[in-house]
2 protein chains.
Amino acid sequence: MATETAQPRVFTDANGIRQFSRDQRKSGNRIALVPTMGYLHEGHLSLIKAARDMADIVIVSIYVNPTQFAQHEDFGVYPRDEEGDMRKLTSLGVNAVFAPLRLYASGSSAAAGSDAGNVVGAGEHQKGAHETFIQVEQLQQPLCGKSRPHFFRGVATVVAKLFNITEPDIAIFGRKDYQQLLVLQRMARDLDFAVEVVGMPIMREEDGLAMSSRNALLSSDNRQKALSISQSLQWARKMVEDRSAVSPSELHDAVASRIAAAGGRVDYVEVVDGSSLEKIQDVTKQPTLIAVAACFGSVRLIDNIELS
Amino acid sequence: MATETAQPRVFTDANGIRQFSRDQRKSGNRIALVPTMGYLHEGHLSLIKAARDMADIVIVSIYVNPTQFAQHEDFGVYPRDEEGDMRKLTSLGVNAVFAPLRLYASGSSAAAGSDAGNVVGAGEHQKGAHETFIQVEQLQQPLCGKSRPHFFRGVATVVAKLFNITEPDIAIFGRKDYQQLLVLQRMARDLDFAVEVVGMPIMREEDGLAMSSRNALLSSDNRQKALSISQSLQWARKMVEDRSAVSPSELHDAVASRIAAAGGRVDYVEVVDGSSLEKIQDVTKQPTLIAVAACFGSVRLIDNIELS
């Protein structure tokens, strides 16, 4: 085991990290993967701490995945801080970092970002661009799938690649990206990946804002207005606990109107079954998710609350 | 190593065969997978012999995959011979057989066959039907993809499952299913499977008919007529060698007219680039594939010839 102050081993190519992982497995170690897009915050660090508790070896991947961004989205301005990330990973005793420069075969028409850096991976024995995609056909459709139709296809595909490259026993994701978690759990089950996909609780700033790398892109004015998301979700939970509202439409309207009143552009507020993400009639009948996406300025934020 | 007469170990559940494979890997053995739909013929046996040459341990999977059949296709009558298969696998010294009864989560709307036997796999931690599919978006489209639009999606998905369950170093397929081979090689590369996907030459009956489990479904009359496929492909090769025809359209017409004259219903005759499966102008400019699909009675046969 690395000590808390040892530098993680850094791999930029697939063969190197896979061999590292196989050597660890051969030694009987249990391996956890924490996939990230870098710009690490306390939310990521909580995932890494959980990984340390659940496994012997922790691998963190850092890769801003072009295939989950559409052309008009914020791939180009997604925040990056490689030095800061390495300091945090070192202080947490992470064993290995997988930080590929490129992860897709060249010329991929599928890569949305124009500066996607989409060149050849090692070991290929065929010409031609990346063209293989994984779709979780039902769970990818509602919520974020409506406004970002290629998002979960890009997420599922890159995570499958990361699973095949790093060969972990367990992979850890945050519950802020609740739909992503369900999509990846379904993918792992359906495709028989030998990987347990685990979701950890949302980490929040002291004032309640869900932690996100995108928070850094908010103006201070919008940072304040964005509190309306978590506050309205707390309000909705209280309405349910008090039985003052249990219909999805009442909850929707209460949350949406509060965010709009604060100046947010609501993408969606959905009150759905927490397993299927299907619309429901009565939130007292099953574990329920209230999920929100809203823009403040040009920054799109998501958050959710689980009612059981 | 098993002796030539030892019975293979038979696994029907994913966890059992995966543990077998992991134990073998830990012992330093190289593992080959030969995926089949059973009803084994000399073509399969040649793949298994190649697997023995290329690896220490040979796993053969037997599973008639419902997701690669459309509703109107021959899933229900696809030939089966479990006892005969086991005798052949034993005589070849196969180490393990993976023969799942069911490989997809329950209630899958994606399973085409009505008697598809589509129930829960082990280890799942979510309710809900199988809904995850892999698409190799370009290579799946031409040739068989036109008349069987869901075929390669079903093939890619089940092979990904088999890769994740059996964790082989190498997987062996026949070149009769040439497009399938390209699709699976592309999938393995694009998704970073640590599996080398290898294609072996077409095995033929003495009279030239490409070996296929579906040949058993032919009437003796149609069995004779179906020789027109391999004979017309040989004729086309000779035309190219003699430089008496090098244009794709001439070759198409020569092959298609011979098969039609023999009583076959031509699904397609395509003269394409052997790597991209794209249409070409001149067969002397690159490795070229002539691929055929034709029906004799209700039996659809495919065959191909590679010109280099």
# chains A, B, ... in the order shown; residues from 1 in each chain; ligands from 1

$ residues_around --residues "His130 (chain A)" --least-positions-apart "4" --cutoff "7 Å" --atoms "only C-alpha atoms" --output "CSV table (one decimal) with N, CA, C and O atoms, in the first residue's frame"
chain,number,residue,atom,x,y,z
A,104,TYR,N,-9.7,7.7,-28.2
A,104,TYR,CA,-10.5,7.2,-29.3
A,104,TYR,C,-9.7,7.1,-30.6
A,104,TYR,O,-8.7,8.0,-30.8
A,105,ALA,N,-10.0,6.2,-31.4
A,105,ALA,CA,-9.3,6.0,-32.7
A,105,ALA,C,-9.5,7.3,-33.6
A,105,ALA,O,-10.5,8.0,-33.4
A,106,SER,N,-8.6,7.5,-34.5
A,106,SER,CA,-8.5,8.8,-35.2
A,106,SER,C,-9.7,9.1,-36.1
A,106,SER,O,-10.3,8.2,-36.6
A,108,SER,N,-12.6,10.3,-35.6
A,108,SER,CA,-13.9,9.9,-35.2
A,108,SER,C,-14.9,11.0,-35.5
A,108,SER,O,-14.8,12.1,-34.9
B,190,ASP,N,-12.3,-0.5,-30.4
B,190,ASP,CA,-12.9,0.7,-30.0
B,190,ASP,C,-13.3,0.7,-28.5
B,190,ASP,O,-13.2,1.8,-27.8

$ interface_residues --of "chain A" --to "chain B" --cutoff "6 Å" --atoms "only C-alpha atoms" --output "JSON, numbers by chain"
{"A": [124, 130, 131, 132, 133, 134, 135, 136, 137, 161, 164, 187, 189, 190, 191, 192, 193]}

$ write_last_selection --atoms "C-alpha atoms" --output "short mmCIF file (atom, residue, chain, number, x, y, z; two decimals), in the first residue's frame"
data_model
loop_
_atom_site.label_atom_id
_atom_site.label_comp_id
_atom_site.auth_asym_id
_atom_site.auth_seq_id
_atom_site.Cartn_x
_atom_site.Cartn_y
_atom_site.Cartn_z
CA GLU A 124 -5.19 -1.46 -32.70
CA HIS A 130 -13.89 5.03 -33.62
CA GLU A 131 -17.45 3.98 -34.41
CA THR A 132 -18.59 1.70 -31.57
CA PHE A 133 -21.12 3.05 -29.09
CA ILE A 134 -23.06 1.62 -26.18
CA GLN A 135 -26.62 2.67 -25.55
CA VAL A 136 -28.76 1.94 -22.51
CA GLU A 137 -31.84 2.40 -24.53
CA LYS A 161 -13.48 1.63 -22.29
CA ASN A 164 -11.77 -2.69 -20.07
CA MET A 187 -24.79 -1.27 -18.53
CA ARG A 189 -25.30 -5.70 -15.43
CA ASP A 190 -26.50 -6.07 -19.02
CA LEU A 191 -23.02 -6.50 -20.49
CA ASP A 192 -21.79 -8.69 -17.61
CA PHE A 193 -18.92 -6.44 -16.62
#

$ residues_around --residues "Gln286 (chain B)" --least-positions-apart "5" --cutoff "8 Å" --atoms "only C-alpha atoms" --output "list in words"
Asp273, Gly274 and Ser308 of chain B

$ write_last_selection --atoms "C-alpha atoms" --output "PDB file, in the first residue's frame"
ATOM      1  CA  ASP B 273     -13.107  -2.965 -49.912  1.00  0.00           C
ATOM      2  CA  GLY B 274     -12.022  -5.769 -47.603  1.00  0.00           C
ATOM      3  CA  SER B 308      -5.811  -9.668 -52.673  1.00  0.00           C
TER       4      SER B 308
END

$ residues_around --residues "Ile57 (chain B)" --least-positions-apart "5" --cutoff "7 Å" --atoms "only C-alpha atoms" --output "VMD selection string"
chain B and resid 29 to 32 95

$ write_last_selection --atoms "all heavy atoms" --output "mmCIF file, in the first residue's frame"
data_model
loop_
_atom_site.group_PDB
_atom_site.id
_atom_site.type_symbol
_atom_site.label_atom_id
_atom_site.label_comp_id
_atom_site.auth_asym_id
_atom_site.auth_seq_id
_atom_site.Cartn_x
_atom_site.Cartn_y
_atom_site.Cartn_z
ATOM 1 N N ASN B 29 -1.795 -19.248 -17.656
ATOM 2 C CA ASN B 29 -2.278 -19.816 -18.911
ATOM 3 C C ASN B 29 -2.927 -18.761 -19.792
ATOM 4 O O ASN B 29 -3.592 -17.843 -19.312
ATOM 5 C CB ASN B 29 -3.299 -20.928 -18.637
ATOM 6 C CG ASN B 29 -2.616 -22.188 -18.145
ATOM 7 O OD1 ASN B 29 -1.508 -22.506 -18.577
ATOM 8 N ND2 ASN B 29 -3.268 -22.906 -17.236
ATOM 9 N N ARG B 30 -2.731 -18.932 -21.102
ATOM 10 C CA ARG B 30 -3.366 -18.077 -22.091
ATOM 11 C C ARG B 30 -4.671 -18.738 -22.502
ATOM 12 O O ARG B 30 -4.721 -19.932 -22.779
ATOM 13 C CB ARG B 30 -2.413 -17.938 -23.290
ATOM 14 C CG ARG B 30 -2.896 -17.086 -24.422
ATOM 15 C CD ARG B 30 -1.726 -16.869 -25.409
ATOM 16 N NE ARG B 30 -2.185 -16.462 -26.723
ATOM 17 C CZ ARG B 30 -2.433 -15.206 -27.066
ATOM 18 N NH1 ARG B 30 -2.251 -14.250 -26.177
ATOM 19 N NH2 ARG B 30 -2.835 -14.907 -28.281
ATOM 20 N N ILE B 31 -5.731 -17.931 -22.564
ATOM 21 C CA ILE B 31 -7.093 -18.459 -22.707
ATOM 22 C C ILE B 31 -7.676 -18.048 -24.044
ATOM 23 O O ILE B 31 -7.675 -16.870 -24.406
ATOM 24 C CB ILE B 31 -7.980 -17.923 -21.557
ATOM 25 C CG1 ILE B 31 -7.396 -18.374 -20.213
ATOM 26 C CG2 ILE B 31 -9.422 -18.392 -21.724
ATOM 27 C CD1 ILE B 31 -7.741 -17.457 -19.070
ATOM 28 N N ALA B 32 -8.200 -19.030 -24.774
ATOM 29 C CA ALA B 32 -8.902 -18.758 -26.032
ATOM 30 C C ALA B 32 -10.381 -19.052 -25.862
ATOM 31 O O ALA B 32 -10.765 -20.035 -25.217
ATOM 32 C CB ALA B 32 -8.334 -19.616 -27.156
ATOM 33 N N ASN B 95 -11.241 -27.523 -22.896
ATOM 34 C CA ASN B 95 -11.143 -27.524 -21.441
ATOM 35 C C ASN B 95 -12.445 -27.173 -20.739
ATOM 36 O O ASN B 95 -12.735 -27.713 -19.672
ATOM 37 C CB ASN B 95 -10.056 -26.539 -21.000
ATOM 38 C CG ASN B 95 -8.735 -26.847 -21.630
ATOM 39 O OD1 ASN B 95 -8.430 -26.362 -22.716
ATOM 40 N ND2 ASN B 95 -7.942 -27.705 -20.998
#

$ closest_residue --among "B:Pro100, B:Gly263, B:Pro248, B:Pro149" --to "Asp13 (chain B)" --atoms "only C-alpha atoms"
B:Pro100

$ atom_distance --atom1 "CA of Met37 (chain A)" --atom2 "CA of Gly93 (chain A)"
18.8 Å

$ select_by_dssp --residues "region 8-123 of chain B" --states "strand (DSSP E or B)" --output "VMD selection string"
chain B and resid 9 to 11 31 to 36 57 to 62 96 to 98

$ residues_around --residues "region 170-173 of chain A" --least-positions-apart "2" --cutoff "9 Å" --atoms "only C-alpha atoms" --output "CSV table (one decimal) with C-alpha atoms, in the first residue's frame"
chain,number,residue,atom,x,y,z
A,30,ARG,CA,-9.1,-5.5,-4.8
A,31,ILE,CA,-9.1,-2.6,-7.2
A,32,ALA,CA,-11.3,0.4,-7.2
A,33,LEU,CA,-11.7,2.8,-10.1
A,34,VAL,CA,-12.9,6.4,-9.7
A,35,PRO,CA,-13.5,7.9,-13.2
A,36,THR,CA,-13.3,11.7,-13.3
A,44,HIS,CA,-14.5,13.6,-6.0
A,47,LEU,CA,-15.5,9.2,-3.9
A,48,ILE,CA,-11.8,8.5,-3.6
A,50,ALA,CA,-14.9,5.7,-0.3
A,51,ALA,CA,-12.8,3.8,-2.8
A,54,MET,CA,-13.8,-0.5,-0.2
A,55,ALA,CA,-10.6,-1.7,-2.0
A,163,PHE,CA,-13.5,-0.7,-17.4
A,167,GLU,CA,-10.2,-3.9,-15.0
A,168,PRO,CA,-11.4,-2.8,-11.6
A,175,ARG,CA,-25.3,10.4,-6.9
A,176,LYS,CA,-25.4,14.0,-8.1
A,177,ASP,CA,-25.2,12.4,-11.5
A,178,TYR,CA,-28.0,10.1,-10.6
A,180,GLN,CA,-25.6,8.5,-15.1
A,181,LEU,CA,-25.3,6.1,-12.1
A,194,ALA,CA,-17.3,-7.9,-13.5
A,195,VAL,CA,-17.4,-4.5,-12.0
A,196,GLU,CA,-19.6,-3.4,-9.1
A,197,VAL,CA,-20.9,0.1,-9.8
A,198,VAL,CA,-21.5,2.0,-6.6
A,199,GLY,CA,-23.0,5.4,-6.0
A,200,MET,CA,-22.0,7.8,-3.2

$ atom_distance --atom1 "CA of Gln7 (chain B)" --atom2 "CA of Tyr78 (chain B)"
25.5 Å

$ residues_around --residues "Asn215 (chain A)" --least-positions-apart "6" --cutoff "12 Å" --atoms "only C-alpha atoms" --output "list in words"
Tyr39, Leu40, His41, Tyr78, Pro79, Arg204, Glu205, Leu209, Asp221, Asn222, Arg223, Gln224, Lys225, Ala226, Leu227, Cys295, Phe296, Gly297, Ser298, Val299, Arg300, Leu301 and Ile302 of chain A

$ atom_distance --atom1 "CA of Val266 (chain B)" --atom2 "CA of Met203 (chain B)"
21.9 Å
